[in-house]
>>> print(open('work_11.txt').read())   # compact mmCIF, C-alpha atoms
# COMPACT_ATOMS: atom_id res chain seq x y z
CA MET A 12 -35.40 -75.60 -38.32
CA ALA A 13 -39.04 -75.38 -39.42
CA GLN A 14 -40.37 -72.00 -40.42
CA ILE A 15 -43.13 -70.35 -38.45
CA PRO A 16 -46.53 -69.67 -40.06
CA ASP A 17 -46.40 -67.04 -42.80
CA LYS A 18 -49.17 -65.03 -41.19
CA LEU A 19 -47.13 -64.78 -38.01
CA THR A 20 -44.06 -63.66 -39.92
CA GLU A 21 -46.16 -60.96 -41.57
CA ILE A 22 -47.50 -59.66 -38.29
CA ILE A 23 -44.03 -59.65 -36.70
CA ASP A 24 -42.78 -57.67 -39.70
CA ASP A 25 -45.67 -55.26 -39.20
CA PHE A 26 -44.66 -54.70 -35.59
CA ALA A 27 -40.99 -54.40 -36.52
CA SER A 28 -41.87 -51.47 -38.77
CA ILE A 29 -43.57 -49.63 -35.91
CA THR A 30 -41.15 -47.32 -34.19
CA ASP A 31 -43.64 -45.23 -32.24
CA ARG A 32 -44.67 -46.82 -28.95
CA ASN A 33 -48.14 -45.26 -29.05
CA GLU A 34 -48.76 -46.67 -32.49
CA ARG A 35 -47.77 -50.13 -31.28
CA VAL A 36 -50.12 -49.79 -28.32
CA GLU A 37 -53.01 -48.69 -30.54
CA TYR A 38 -52.43 -51.65 -32.84
CA LEU A 39 -52.51 -54.03 -29.87
CA ILE A 40 -55.64 -52.44 -28.40
CA GLU A 41 -57.35 -52.96 -31.76
CA LYS A 42 -56.43 -56.63 -31.54
CA ALA A 43 -57.71 -56.89 -27.96
CA ASP A 44 -61.01 -55.29 -29.02
CA ARG A 45 -61.63 -58.33 -31.24
CA PHE A 46 -61.21 -60.83 -28.42
CA ALA A 47 -64.86 -61.99 -28.61
CA GLU A 48 -64.02 -63.59 -31.97
CA VAL A 49 -61.56 -66.02 -30.39
CA LYS A 50 -63.28 -66.59 -27.06
CA VAL A 51 -64.07 -70.21 -26.30
CA PRO A 52 -67.69 -71.03 -27.22
CA ALA A 53 -70.02 -72.44 -24.56
CA THR A 54 -70.34 -75.59 -26.65
CA LEU A 55 -66.67 -76.29 -25.96
CA ALA A 56 -66.22 -75.12 -22.36
CA THR A 57 -68.11 -73.34 -19.62
CA ARG A 58 -66.90 -71.85 -16.35
CA PRO A 59 -65.48 -72.98 -14.05
CA TYR A 60 -63.02 -74.20 -16.62
CA ASP A 61 -60.99 -77.38 -16.37
CA GLU A 62 -57.69 -76.27 -14.83
CA ARG A 63 -55.78 -78.33 -17.38
CA HIS A 64 -56.56 -75.55 -19.87
CA ARG A 65 -55.11 -72.78 -17.69
CA VAL A 66 -51.95 -71.01 -18.86
CA PRO A 67 -49.76 -71.54 -15.78
CA ALA A 68 -47.70 -68.34 -15.94
CA CYS A 69 -50.43 -65.88 -16.89
CA GLU A 70 -51.52 -63.43 -14.19
CA SER A 71 -54.46 -62.44 -16.40
CA GLU A 72 -55.82 -65.98 -16.02
CA ALA A 73 -55.72 -67.06 -19.64
CA PHE A 74 -57.03 -70.43 -20.80
CA VAL A 75 -56.43 -72.21 -24.11
CA TRP A 76 -58.40 -74.94 -25.93
CA THR A 77 -57.84 -76.69 -29.23
CA VAL A 78 -60.17 -78.34 -31.70
CA GLU A 79 -58.71 -80.62 -34.34
CA GLN A 80 -59.79 -79.71 -37.86
CA PRO A 81 -60.55 -82.14 -40.70
CA ASP A 82 -57.12 -81.39 -42.17
CA HIS A 83 -55.55 -82.27 -38.77
CA THR A 84 -54.52 -78.71 -38.05
CA LEU A 85 -55.72 -77.05 -34.83
CA LYS A 86 -58.23 -74.30 -34.23
CA TYR A 87 -57.32 -72.42 -31.04
CA TYR A 88 -59.81 -70.88 -28.62
CA PHE A 89 -59.05 -68.71 -25.60
CA ASP A 90 -60.47 -67.04 -22.57
CA VAL A 91 -58.97 -64.40 -20.31
CA LEU A 92 -60.76 -64.16 -16.97
CA ASN A 93 -59.26 -60.85 -15.93
CA PRO A 94 -61.34 -58.23 -17.78
CA GLN A 95 -58.33 -55.89 -17.54
CA GLY A 96 -56.01 -58.40 -19.21
CA LEU A 97 -55.91 -56.54 -22.52
CA SER A 98 -52.43 -57.73 -23.45
CA ALA A 99 -53.42 -61.36 -22.96
CA MET A 100 -56.49 -60.74 -25.11
CA ALA A 101 -54.42 -59.13 -27.85
CA MET A 102 -51.94 -62.01 -27.75
CA SER A 103 -54.80 -64.51 -28.02
CA VAL A 104 -56.24 -62.77 -31.07
CA ILE A 105 -52.83 -62.67 -32.76
CA LEU A 106 -52.21 -66.35 -32.05
CA ASP A 107 -55.61 -67.35 -33.42
CA GLU A 108 -55.11 -65.24 -36.55
CA THR A 109 -51.68 -66.65 -37.22
CA CYS A 110 -51.64 -70.20 -35.84
CA SER A 111 -55.17 -71.62 -36.14
CA GLY A 112 -55.38 -73.84 -39.21
CA GLN A 113 -51.65 -73.62 -39.88
CA PRO A 114 -49.32 -76.62 -40.35
CA LEU A 115 -48.51 -78.12 -36.97
CA GLU A 116 -44.78 -78.22 -37.70
CA GLN A 117 -44.83 -74.47 -38.20
CA VAL A 118 -46.87 -73.77 -35.06
CA ALA A 119 -44.54 -76.03 -33.07
CA ALA A 120 -41.63 -73.88 -34.27
CA VAL A 121 -43.08 -70.64 -32.85
CA SER A 122 -40.77 -69.20 -30.22
CA THR A 123 -41.83 -67.33 -27.09
CA ASP A 124 -39.53 -64.54 -28.31
CA ILE A 125 -42.40 -63.32 -30.49
CA VAL A 126 -43.81 -61.69 -27.33
CA LEU A 127 -40.88 -59.29 -27.22
CA GLN A 128 -41.08 -58.71 -30.97
CA ILE A 129 -44.76 -57.87 -30.73
CA PHE A 130 -44.99 -56.05 -27.39
CA GLY A 131 -41.52 -54.54 -27.33
CA ARG A 132 -38.58 -55.24 -25.06
CA GLU A 133 -39.72 -52.77 -22.42
CA ILE A 134 -42.54 -55.06 -21.32
CA SER A 135 -42.32 -56.02 -17.65
CA MET A 136 -40.93 -59.40 -16.71
CA GLY A 137 -44.14 -60.72 -15.19
CA LYS A 138 -46.32 -59.55 -18.06
CA GLY A 139 -43.85 -60.89 -20.61
CA GLN A 140 -43.77 -64.29 -18.94
CA GLY A 141 -47.55 -64.46 -18.81
CA LEU A 142 -47.79 -63.77 -22.53
CA MET A 143 -44.99 -66.22 -23.24
CA GLY A 144 -47.01 -68.75 -21.28
CA ILE A 145 -49.88 -68.39 -23.78
CA VAL A 146 -47.47 -68.85 -26.69
CA SER A 147 -45.94 -71.87 -24.96
CA VAL A 148 -49.31 -73.57 -24.58
CA VAL A 149 -50.19 -72.98 -28.24
CA GLN A 150 -46.81 -74.32 -29.34
CA HIS A 151 -46.99 -77.24 -26.89
CA GLU A 152 -50.42 -78.31 -28.18
CA ALA A 153 -49.06 -78.47 -31.73
CA LYS A 154 -46.08 -80.52 -30.56
CA LYS A 155 -48.33 -82.93 -28.71
CA ARG A 156 -50.40 -83.57 -31.84
CA LEU A 157 -47.28 -84.11 -33.89
CA GLN A 158 -45.96 -86.65 -31.42
CA ARG A 159 -49.25 -88.55 -31.55
CA ALA A 160 -49.33 -88.60 -35.35
CA MET B 112 -67.45 -52.20 2.45
CA ALA B 113 -67.17 -49.79 5.37
CA ASP B 114 -65.84 -46.29 4.85
CA ILE B 115 -62.06 -46.13 4.95
CA SER B 116 -62.18 -44.24 8.24
CA ASN B 117 -64.21 -47.03 9.87
CA ARG B 118 -61.99 -49.95 8.95
CA GLY B 119 -59.62 -49.64 11.87
CA TYR B 120 -56.49 -48.72 9.94
CA VAL B 121 -53.65 -47.08 11.82
CA ASN B 122 -53.16 -44.55 8.99
CA THR B 123 -56.26 -43.61 7.05
CA ASP B 124 -54.88 -40.59 5.22
CA VAL B 125 -52.92 -42.71 2.70
CA LEU B 126 -56.06 -44.25 1.28
CA VAL B 127 -58.82 -42.42 -0.61
CA SER B 128 -62.07 -43.67 -2.07
CA THR B 129 -63.21 -43.53 -5.67
CA ASP B 130 -65.77 -40.93 -4.55
CA TRP B 131 -62.99 -38.76 -3.18
CA VAL B 132 -61.05 -39.00 -6.43
CA ALA B 133 -64.16 -38.16 -8.46
CA GLN B 134 -64.58 -35.04 -6.36
CA HIS B 135 -60.95 -33.97 -6.89
CA LEU B 136 -60.53 -34.50 -10.62
CA ASN B 137 -60.03 -30.80 -11.23
CA ASP B 138 -58.14 -30.01 -8.06
CA PRO B 139 -54.81 -28.44 -9.09
CA LYS B 140 -53.18 -29.66 -5.87
CA ILE B 141 -53.94 -33.27 -6.78
CA ARG B 142 -52.38 -35.37 -9.52
CA ILE B 143 -54.00 -38.71 -10.35
CA VAL B 144 -51.44 -41.28 -11.52
CA GLU B 145 -52.28 -44.61 -13.14
CA SER B 146 -49.68 -47.35 -12.86
CA ASN B 147 -50.49 -50.75 -14.34
CA GLU B 148 -49.16 -54.17 -14.95
CA ASP B 149 -50.82 -54.18 -18.38
CA PRO B 150 -49.33 -51.53 -20.67
CA LEU B 151 -52.46 -51.39 -22.87
CA LEU B 152 -54.85 -50.34 -20.11
CA TYR B 153 -54.05 -46.65 -19.66
CA PRO B 154 -54.18 -45.86 -23.40
CA SER B 155 -57.44 -47.82 -23.71
CA GLY B 156 -59.08 -45.47 -21.19
CA HIS B 157 -58.19 -43.84 -17.87
CA ILE B 158 -59.57 -41.50 -15.22
CA PRO B 159 -59.95 -38.02 -16.76
CA GLY B 160 -56.83 -35.99 -16.12
CA ALA B 161 -54.79 -38.96 -14.93
CA VAL B 162 -51.22 -39.36 -16.12
CA GLN B 163 -49.41 -42.65 -16.55
CA VAL B 164 -46.31 -43.74 -14.71
CA ASP B 165 -44.96 -46.88 -16.30
CA TRP B 166 -42.81 -49.06 -14.08
CA THR B 167 -40.46 -50.27 -16.78
CA THR B 168 -39.90 -47.02 -18.60
CA ASP B 169 -40.39 -44.39 -15.88
CA LEU B 170 -39.19 -45.80 -12.57
CA ASN B 171 -36.18 -47.92 -13.47
CA ASP B 172 -32.65 -47.01 -14.39
CA PRO B 173 -32.41 -47.96 -18.08
CA LEU B 174 -29.01 -49.60 -17.67
CA ARG B 175 -28.46 -50.92 -14.16
CA ARG B 176 -30.93 -52.95 -12.14
CA ASP B 177 -31.91 -50.10 -9.90
CA TYR B 178 -34.42 -47.29 -9.61
CA LEU B 179 -33.99 -43.88 -11.12
CA ASP B 180 -31.77 -41.41 -9.30
CA ASN B 181 -32.89 -38.02 -7.99
CA ASP B 182 -32.16 -36.34 -11.31
CA GLY B 183 -34.35 -38.90 -13.08
CA PHE B 184 -37.06 -38.48 -10.45
CA GLU B 185 -37.04 -34.72 -10.93
CA LYS B 186 -37.50 -35.20 -14.68
CA LEU B 187 -40.35 -37.65 -14.09
CA ALA B 188 -42.01 -35.26 -11.64
CA SER B 189 -41.66 -32.43 -14.13
CA ARG B 190 -43.17 -34.54 -16.92
CA ILE B 191 -46.27 -35.39 -14.91
CA GLY B 192 -46.54 -31.81 -13.69
CA ILE B 193 -46.13 -32.21 -9.96
CA THR B 194 -44.29 -30.08 -7.45
CA ASN B 195 -43.08 -31.06 -4.00
CA ASP B 196 -46.46 -29.87 -2.70
CA THR B 197 -48.68 -31.86 -5.06
CA THR B 198 -50.63 -34.72 -3.55
CA VAL B 199 -50.22 -37.72 -5.83
CA VAL B 200 -52.99 -40.33 -5.89
CA PHE B 201 -51.99 -43.66 -7.39
CA TYR B 202 -54.33 -46.27 -8.81
CA GLY B 203 -54.01 -49.16 -11.21
CA ASP B 204 -54.91 -52.68 -12.25
CA LYS B 205 -54.38 -55.91 -10.35
CA ASN B 206 -55.79 -54.53 -7.09
CA ASN B 207 -53.31 -51.66 -7.09
CA TRP B 208 -50.30 -53.95 -7.18
CA TRP B 209 -48.31 -51.61 -9.47
CA ALA B 210 -49.83 -48.51 -7.94
CA THR B 211 -48.36 -49.44 -4.57
CA TYR B 212 -45.06 -50.14 -6.30
CA ALA B 213 -44.99 -46.64 -7.79
CA PHE B 214 -46.06 -45.28 -4.40
CA TRP B 215 -43.13 -47.13 -2.80
CA VAL B 216 -40.63 -45.70 -5.31
CA PHE B 217 -42.00 -42.21 -4.66
CA GLN B 218 -41.32 -42.79 -0.94
CA LEU B 219 -37.66 -43.50 -1.74
CA PHE B 220 -37.57 -39.84 -2.70
CA GLY B 221 -39.58 -38.73 0.31
CA HIS B 222 -42.69 -37.66 -1.61
CA ASN B 223 -45.00 -38.39 1.28
CA LYS B 224 -47.92 -36.43 -0.11
CA ALA B 225 -49.07 -39.64 -1.71
CA LYS B 226 -52.18 -41.78 -1.53
CA ILE B 227 -53.66 -44.91 -3.02
CA MET B 228 -57.17 -45.00 -4.48
CA ASP B 229 -58.86 -47.89 -2.69
CA GLY B 230 -60.05 -50.55 -5.12
CA GLY B 231 -57.97 -49.16 -7.95
CA ARG B 232 -59.04 -49.37 -11.53
CA LEU B 233 -61.31 -52.34 -10.93
CA LYS B 234 -63.57 -50.46 -8.52
CA TRP B 235 -63.63 -47.33 -10.69
CA GLU B 236 -64.72 -49.44 -13.68
CA LYS B 237 -67.27 -51.43 -11.70
CA GLU B 238 -68.89 -48.18 -10.62
CA ASN B 239 -69.20 -47.23 -14.29
CA ARG B 240 -67.28 -44.04 -13.73
CA GLU B 241 -65.92 -42.04 -16.64
CA LEU B 242 -62.83 -43.18 -18.52
CA THR B 243 -61.22 -41.22 -21.31
CA ARG B 244 -58.56 -41.83 -23.92
CA ASP B 245 -57.61 -38.13 -23.91
CA VAL B 246 -54.15 -37.66 -22.46
CA THR B 247 -53.85 -34.44 -20.46
CA GLN B 248 -50.53 -32.62 -20.79
CA TYR B 249 -49.53 -30.59 -17.75
CA PRO B 250 -47.04 -27.73 -17.81
CA ALA B 251 -43.56 -28.87 -16.83
CA THR B 252 -42.73 -28.15 -13.20
CA GLN B 253 -39.64 -27.57 -11.14
CA TYR B 254 -39.28 -30.39 -8.62
CA LYS B 255 -36.48 -30.60 -6.09
CA ALA B 256 -35.79 -34.21 -5.21
CA PRO B 257 -33.48 -35.30 -2.41
CA GLU B 258 -30.98 -38.10 -2.92
CA ARG B 259 -32.84 -41.41 -3.02
CA ASP B 260 -33.00 -42.86 0.48
CA ASP B 261 -32.75 -46.66 0.31
CA HIS B 262 -32.15 -47.01 4.00
CA LYS B 263 -35.61 -47.03 5.55
CA ILE B 264 -37.95 -48.98 3.28
CA ARG B 265 -35.68 -50.94 0.95
CA ALA B 266 -33.71 -54.09 1.79
CA PHE B 267 -30.72 -55.53 -0.03
CA ARG B 268 -29.48 -59.11 -0.26
CA ASP B 269 -26.77 -58.83 2.40
CA GLN B 270 -29.24 -57.23 4.78
CA VAL B 271 -31.62 -60.12 4.16
CA LEU B 272 -28.84 -62.59 4.99
CA LYS B 273 -28.28 -60.82 8.32
CA HIS B 274 -32.02 -60.70 8.84
CA ILE B 275 -32.20 -64.49 8.52
CA GLU B 276 -29.28 -64.98 10.90
CA ALA B 277 -31.06 -62.80 13.44
CA ARG B 278 -34.21 -64.89 12.90
CA ARG B 279 -36.28 -61.85 12.09
CA PRO B 280 -39.51 -62.24 10.11
CA LEU B 281 -39.81 -62.30 6.34
CA VAL B 282 -43.00 -62.45 4.32
CA ASP B 283 -43.00 -64.21 0.95
CA VAL B 284 -45.98 -62.77 -0.92
CA ARG B 285 -45.75 -64.95 -4.04
CA SER B 286 -48.16 -67.74 -4.86
CA PRO B 287 -47.92 -71.03 -2.95
CA ASP B 288 -46.43 -72.73 -6.03
CA GLU B 289 -43.69 -70.13 -6.28
CA TYR B 290 -43.06 -70.39 -2.52
CA SER B 291 -42.66 -74.16 -2.73
CA GLY B 292 -40.58 -74.02 -5.91
CA LYS B 293 -43.10 -76.17 -7.76
CA LYS B 294 -43.65 -73.60 -10.51
CA LEU B 295 -40.13 -73.89 -11.86
CA HIS B 296 -40.85 -77.48 -12.82
CA MET B 297 -44.19 -77.05 -14.55
CA GLU B 298 -44.44 -78.31 -18.10
CA GLY B 299 -44.77 -75.58 -20.71
CA TYR B 300 -43.94 -72.87 -18.18
CA PRO B 301 -41.42 -70.30 -19.37
CA GLN B 302 -38.38 -69.96 -17.17
CA GLU B 303 -39.19 -67.88 -14.15
CA GLY B 304 -36.06 -65.80 -14.11
CA ALA B 305 -34.42 -67.89 -11.40
CA LEU B 306 -32.21 -70.95 -11.40
CA ARG B 307 -33.55 -72.32 -8.13
CA GLY B 308 -37.07 -72.58 -6.73
CA GLY B 309 -38.23 -72.30 -3.14
CA HIS B 310 -38.16 -69.50 -0.61
CA ILE B 311 -35.86 -67.63 1.76
CA PRO B 312 -35.41 -69.70 4.93
CA GLY B 313 -37.94 -68.85 7.61
CA ALA B 314 -40.15 -66.74 5.34
CA LYS B 315 -43.89 -66.96 6.01
CA SER B 316 -46.11 -67.43 2.98
CA VAL B 317 -48.84 -64.80 2.67
CA PRO B 318 -49.84 -64.27 -0.98
CA TRP B 319 -50.21 -60.52 -1.45
CA ALA B 320 -53.79 -60.62 -2.76
CA ARG B 321 -55.08 -61.98 0.53
CA ALA B 322 -55.11 -58.38 1.71
CA VAL B 323 -57.84 -57.35 -0.71
CA ASN B 324 -61.49 -58.09 -1.34
CA THR B 325 -61.59 -59.85 -4.68
CA GLU B 326 -64.95 -58.45 -5.78
CA ASP B 327 -63.87 -54.80 -5.85
CA GLY B 328 -60.15 -54.71 -5.06
CA THR B 329 -60.57 -52.73 -1.84
CA PHE B 330 -58.34 -53.44 1.13
CA LYS B 331 -59.75 -55.69 3.83
CA PRO B 332 -60.49 -54.05 7.19
CA ALA B 333 -57.75 -53.98 9.80
CA ASP B 334 -59.19 -56.79 11.93
CA GLU B 335 -59.18 -59.16 8.95
CA LEU B 336 -55.66 -58.11 8.00
CA ARG B 337 -54.46 -58.67 11.57
CA ALA B 338 -56.07 -62.10 11.58
CA ILE B 339 -53.93 -63.01 8.56
CA TYR B 340 -50.57 -61.45 9.41
CA GLU B 341 -50.70 -61.69 13.19
CA GLY B 342 -53.22 -64.45 13.97
CA GLU B 343 -52.04 -66.88 11.31
CA LYS B 344 -48.42 -65.88 10.84
CA GLY B 345 -47.44 -64.47 14.20
CA LEU B 346 -46.15 -61.07 13.08
CA LYS B 347 -46.22 -58.19 15.54
CA PRO B 348 -46.40 -54.43 14.88
CA ASP B 349 -43.00 -53.90 16.50
CA ASP B 350 -41.30 -56.52 14.33
CA ASP B 351 -38.63 -55.65 11.82
CA VAL B 352 -40.24 -57.18 8.70
CA ILE B 353 -38.93 -57.71 5.18
CA ALA B 354 -41.36 -58.55 2.37
CA TYR B 355 -40.35 -59.97 -1.00
CA CYS B 356 -41.78 -61.55 -4.14
CA ARG B 357 -40.14 -62.02 -7.55
CA ILE B 358 -38.98 -58.49 -8.37
CA GLY B 359 -40.46 -56.48 -5.51
CA GLU B 360 -43.71 -55.34 -7.08
CA ARG B 361 -46.20 -57.59 -5.29
CA SER B 362 -44.30 -57.16 -2.03
CA SER B 363 -44.70 -53.39 -2.24
CA HIS B 364 -48.43 -54.05 -1.86
CA THR B 365 -47.82 -56.03 1.34
CA TRP B 366 -45.32 -53.37 2.46
CA PHE B 367 -48.10 -50.79 2.09
CA VAL B 368 -50.54 -52.90 4.11
CA LEU B 369 -48.13 -53.57 6.96
CA LYS B 370 -46.57 -50.11 7.14
CA TYR B 371 -49.60 -47.90 6.68
CA LEU B 372 -52.81 -49.85 7.24
CA LEU B 373 -51.50 -51.84 10.22
CA GLY B 374 -48.89 -49.28 11.31
CA TYR B 375 -45.87 -51.58 11.60
CA LYS B 376 -42.80 -49.65 12.71
CA GLN B 377 -40.15 -51.19 10.47
CA VAL B 378 -41.11 -52.75 7.12
CA ARG B 379 -38.79 -53.01 4.15
CA ASN B 380 -39.31 -54.26 0.62
CA TYR B 381 -36.59 -56.54 -0.76
CA ASP B 382 -36.90 -55.63 -4.43
CA GLY B 383 -34.07 -57.92 -5.49
CA SER B 384 -36.52 -60.59 -4.42
CA TRP B 385 -36.53 -64.06 -5.92
CA THR B 386 -34.92 -63.08 -9.22
CA GLU B 387 -31.84 -62.14 -7.19
CA TRP B 388 -32.05 -64.69 -4.37
CA GLY B 389 -32.92 -67.65 -6.62
CA ASN B 390 -29.92 -66.87 -8.83
CA SER B 391 -27.39 -66.02 -6.13
CA VAL B 392 -24.52 -68.37 -5.47
CA GLY B 393 -24.41 -69.87 -2.01
CA VAL B 394 -27.41 -68.28 -0.35
CA PRO B 395 -29.63 -70.62 1.66
CA ILE B 396 -32.96 -71.75 0.23
CA GLU B 397 -35.83 -73.63 1.80
CA LYS B 398 -38.49 -75.66 -0.03
>>> encode(input="work_11.txt", output="structure tokens")
Amino acid sequence: MAQIPDKLTEIIDDFASITDRNERVEYLIEKADRFAEVKVPATLATRPYDERHRVPACESEAFVWTVEQPDHTLKYYFDVLNPQGLSAMAMSVILDETCSGQPLEQVAAVSTDIVLQIFGREISMGKGQGLMGIVSVVQHEAKKRLQRA
Amino acid sequence: MADISNRGYVNTDVLVSTDWVAQHLNDPKIRIVESNEDPLLYPSGHIPGAVQVDWTTDLNDPLRRDYLDNDGFEKLASRIGITNDTTVVFYGDKNNWWATYAFWVFQLFGHNKAKIMDGGRLKWEKENRELTRDVTQYPATQYKAPERDDHKIRAFRDQVLKHIEARRPLVDVRSPDEYSGKKLHMEGYPQEGALRGGHIPGAKSVPWARAVNTEDGTFKPADELRAIYEGEKGLKPDDDVIAYCRIGERSSHTWFVLKYLLGYKQVRNYDGSWTEWGNSVGVPIEK
């Protein structure tokens, strides 16, 4: 089984070391605050977005785009239409930080279980599935590129 | 949007405006409670003085699939500093979807001094009202909770089966793709928590969010709500209605609309919802 990107392993380890729920929440809010850095640029997509980029399970209305890099890795971009979708924004920032520019085999090996490792097991079912939907799209895009190669 | 009192609701006292909440922030008889789908929202900023009630950690039994018992409810009430006489005003994200869920659970314990802030967090934010990250701690209180009463507003699977046999109305408040079962087959979609897709036979599809104005999250006036539930779907105020969704959270919003805003006599929320029905052996399903 392929390993996941090192940066993702590091961040999961960071979250594993957090035992205080408030500390975890603060960490995630800090991530969400940086969402502008990963938001899809107007040169790539403008609203209304092509529905093919919508994350089907996400109640916060997340969208994902990819741009192939010269080294054939993917740069991921996101948008979250619900301005109150902070968790989806945090997840997007984490996925960009850890999966953009990483080997496709490793991104394709990322499991949706990382949502529970990052957000904690007490996350609600609907919210968890929405966030897993974002991870699924990121992973699926990497798999698609690998199949084409 | 017209004032709450001019929208034709059967019960207007269960709904308060953002103005009303702003005027009662320091009222010791009022406790403002935020209940969200997104766990990061309350800590990122909330109405001054508001406490958080989290569905997963505060309202559910940690072991069984069930709600907390009266002992657990008393502890929760003590933590958020309410007595049996405190008026609790709920608000939250997603057009008050989780706020109405918390409201519904509070009704299982008969705390009927409860209200919803119309428009929820969205309207409060759009009006650029104050939000704070300061968490107010209230002195612990003594709260006397009765045994949880599941009889009046909660429906269980076997009751739903009898409801179908009697051809009584059900409202499926999920999205059209969940209602049809299409979502279970979407590529890249994580499993939905059910083995089968579709809906309970005879259920009418009315996605929960049709009851709100999308621009500010406020509830639509009664005539528009009646046009949806009665004009389109044929429900009547004297009907015995059961609403359901996936786990009972979205359907608590519809329960609130039918029971309070339109004054239906008998409305129950089937919180087992699709995660129970879609996994149950032998129950009938329609697509």
>>> closest_residue(input="work_11.txt", among="B:Phe217, B:Lys293, B:Arg379, B:Ile311", to="Leu272 of chain B", atoms="only C-alpha atoms")
B:Ile311
>>> interface_residues(input="work_11.txt", of="chain A", to="chain B", cutoff="8 Å", atoms="only C-alpha atoms", output="JSON, numbers by chain")
{"A": [36, 37, 39, 40, 67, 68, 95, 96, 97, 98, 133, 134, 135, 138, 140, 143, 144, 147, 148, 151]}
>>> closest_residue(input="work_11.txt", among="B:Tyr178, B:Tyr371, B:Tyr249, B:Trp388", to="Thr194 of chain B", atoms="all atoms listed in the file")
B:Tyr249
>>> atom_distance(input="work_11.txt", atom1="atom CA of Pro81 of chain A", atom2="atom CA of Asp61 of chain A")
24.8 Å
>>> axis_aligned_box(input="work_11.txt", around="segment 45-63 of chain A", padding_each_side="4 Å", output="AutoDock Vina command-line options")
--center_x -63.1 --center_y -68.3 --center_z -23.0 --size_x 22.6 --size_y 28.0 --size_z 25.9
>>> residues_around(input="work_11.txt", residues="segment 314-328 of chain B", least_positions_apart="4", cutoff="9 Å", atoms="all atoms listed in the file", output="PyMOL selection string")
chain B and resi 205-208+229-235+237+275+280-287+290+310+332+335-336+339-340+344+354+356+361-362+364-365+368+397
>>> atom_distance(input="work_11.txt", atom1="atom CA of Asp172 of chain B", atom2="atom CA of Gln128 of chain A")
22.0 Å
>>> closest_residue(input="work_11.txt", among="B:Ser363, B:Asn137, B:Asn390, B:Asn380", to="Thr247 of chain B", atoms="only C-alpha atoms")
B:Asn137
>>> atom_distance(input="work_11.txt", atom1="atom CA of Ile264 of chain B", atom2="atom CA of Gly389 of chain B")
21.7 Å
>>> decode(input="work_11.txt", residues="segment 28-65 of chain A", atoms="C-alpha atoms", output="PDB file, in the first residue's frame")
ATOM      1  CA  SER A  28      -0.909  14.999  19.961  1.00  0.00           C
ATOM      2  CA  ILE A  29      -3.747  17.412  20.736  1.00  0.00           C
ATOM      3  CA  THR A  30      -5.852  16.122  23.572  1.00  0.00           C
ATOM      4  CA  ASP A  31      -7.730  19.315  24.378  1.00  0.00           C
ATOM      5  CA  ARG A  32     -10.779  19.843  22.186  1.00  0.00           C
ATOM      6  CA  ASN A  33     -10.501  23.637  22.361  1.00  0.00           C
ATOM      7  CA  GLU A  34      -6.920  23.502  21.199  1.00  0.00           C
ATOM      8  CA  ARG A  35      -7.937  21.357  18.236  1.00  0.00           C
ATOM      9  CA  VAL A  36     -10.693  23.810  17.365  1.00  0.00           C
ATOM     10  CA  GLU A  37      -8.323  26.786  17.563  1.00  0.00           C
ATOM     11  CA  TYR A  38      -5.852  25.019  15.282  1.00  0.00           C
ATOM     12  CA  LEU A  39      -8.603  24.353  12.743  1.00  0.00           C
ATOM     13  CA  ILE A  40      -9.916  27.921  12.903  1.00  0.00           C
ATOM     14  CA  GLU A  41      -6.392  29.142  12.148  1.00  0.00           C
ATOM     15  CA  LYS A  42      -6.401  26.919   9.075  1.00  0.00           C
ATOM     16  CA  ALA A  43      -9.818  28.196   7.978  1.00  0.00           C
ATOM     17  CA  ASP A  44      -8.604  31.794   8.359  1.00  0.00           C
ATOM     18  CA  ARG A  45      -6.106  31.118   5.565  1.00  0.00           C
ATOM     19  CA  PHE A  46      -8.745  29.941   3.099  1.00  0.00           C
ATOM     20  CA  ALA A  47      -8.139  32.874   0.717  1.00  0.00           C
ATOM     21  CA  GLU A  48      -4.751  31.320  -0.098  1.00  0.00           C
ATOM     22  CA  VAL A  49      -6.345  28.216  -1.610  1.00  0.00           C
ATOM     23  CA  LYS A  50      -9.455  29.770  -3.119  1.00  0.00           C
ATOM     24  CA  VAL A  51      -9.855  29.183  -6.836  1.00  0.00           C
ATOM     25  CA  PRO A  52      -8.559  32.185  -8.829  1.00  0.00           C
ATOM     26  CA  ALA A  53     -10.882  33.951 -11.272  1.00  0.00           C
ATOM     27  CA  THR A  54      -8.524  32.956 -14.071  1.00  0.00           C
ATOM     28  CA  LEU A  55      -9.475  29.336 -13.443  1.00  0.00           C
ATOM     29  CA  ALA A  56     -13.180  29.543 -12.583  1.00  0.00           C
ATOM     30  CA  THR A  57     -15.882  32.099 -11.925  1.00  0.00           C
ATOM     31  CA  ARG A  58     -19.355  31.704 -10.457  1.00  0.00           C
ATOM     32  CA  PRO A  59     -21.673  30.088 -11.221  1.00  0.00           C
ATOM     33  CA  TYR A  60     -19.241  27.216 -11.174  1.00  0.00           C
ATOM     34  CA  ASP A  61     -19.405  24.169 -13.386  1.00  0.00           C
ATOM     35  CA  GLU A  62     -21.316  21.600 -11.316  1.00  0.00           C
ATOM     36  CA  ARG A  63     -18.785  18.937 -12.241  1.00  0.00           C
ATOM     37  CA  HIS A  64     -16.468  20.570  -9.695  1.00  0.00           C
ATOM     38  CA  ARG A  65     -18.976  20.376  -6.837  1.00  0.00           C
TER      39      ARG A  65
END
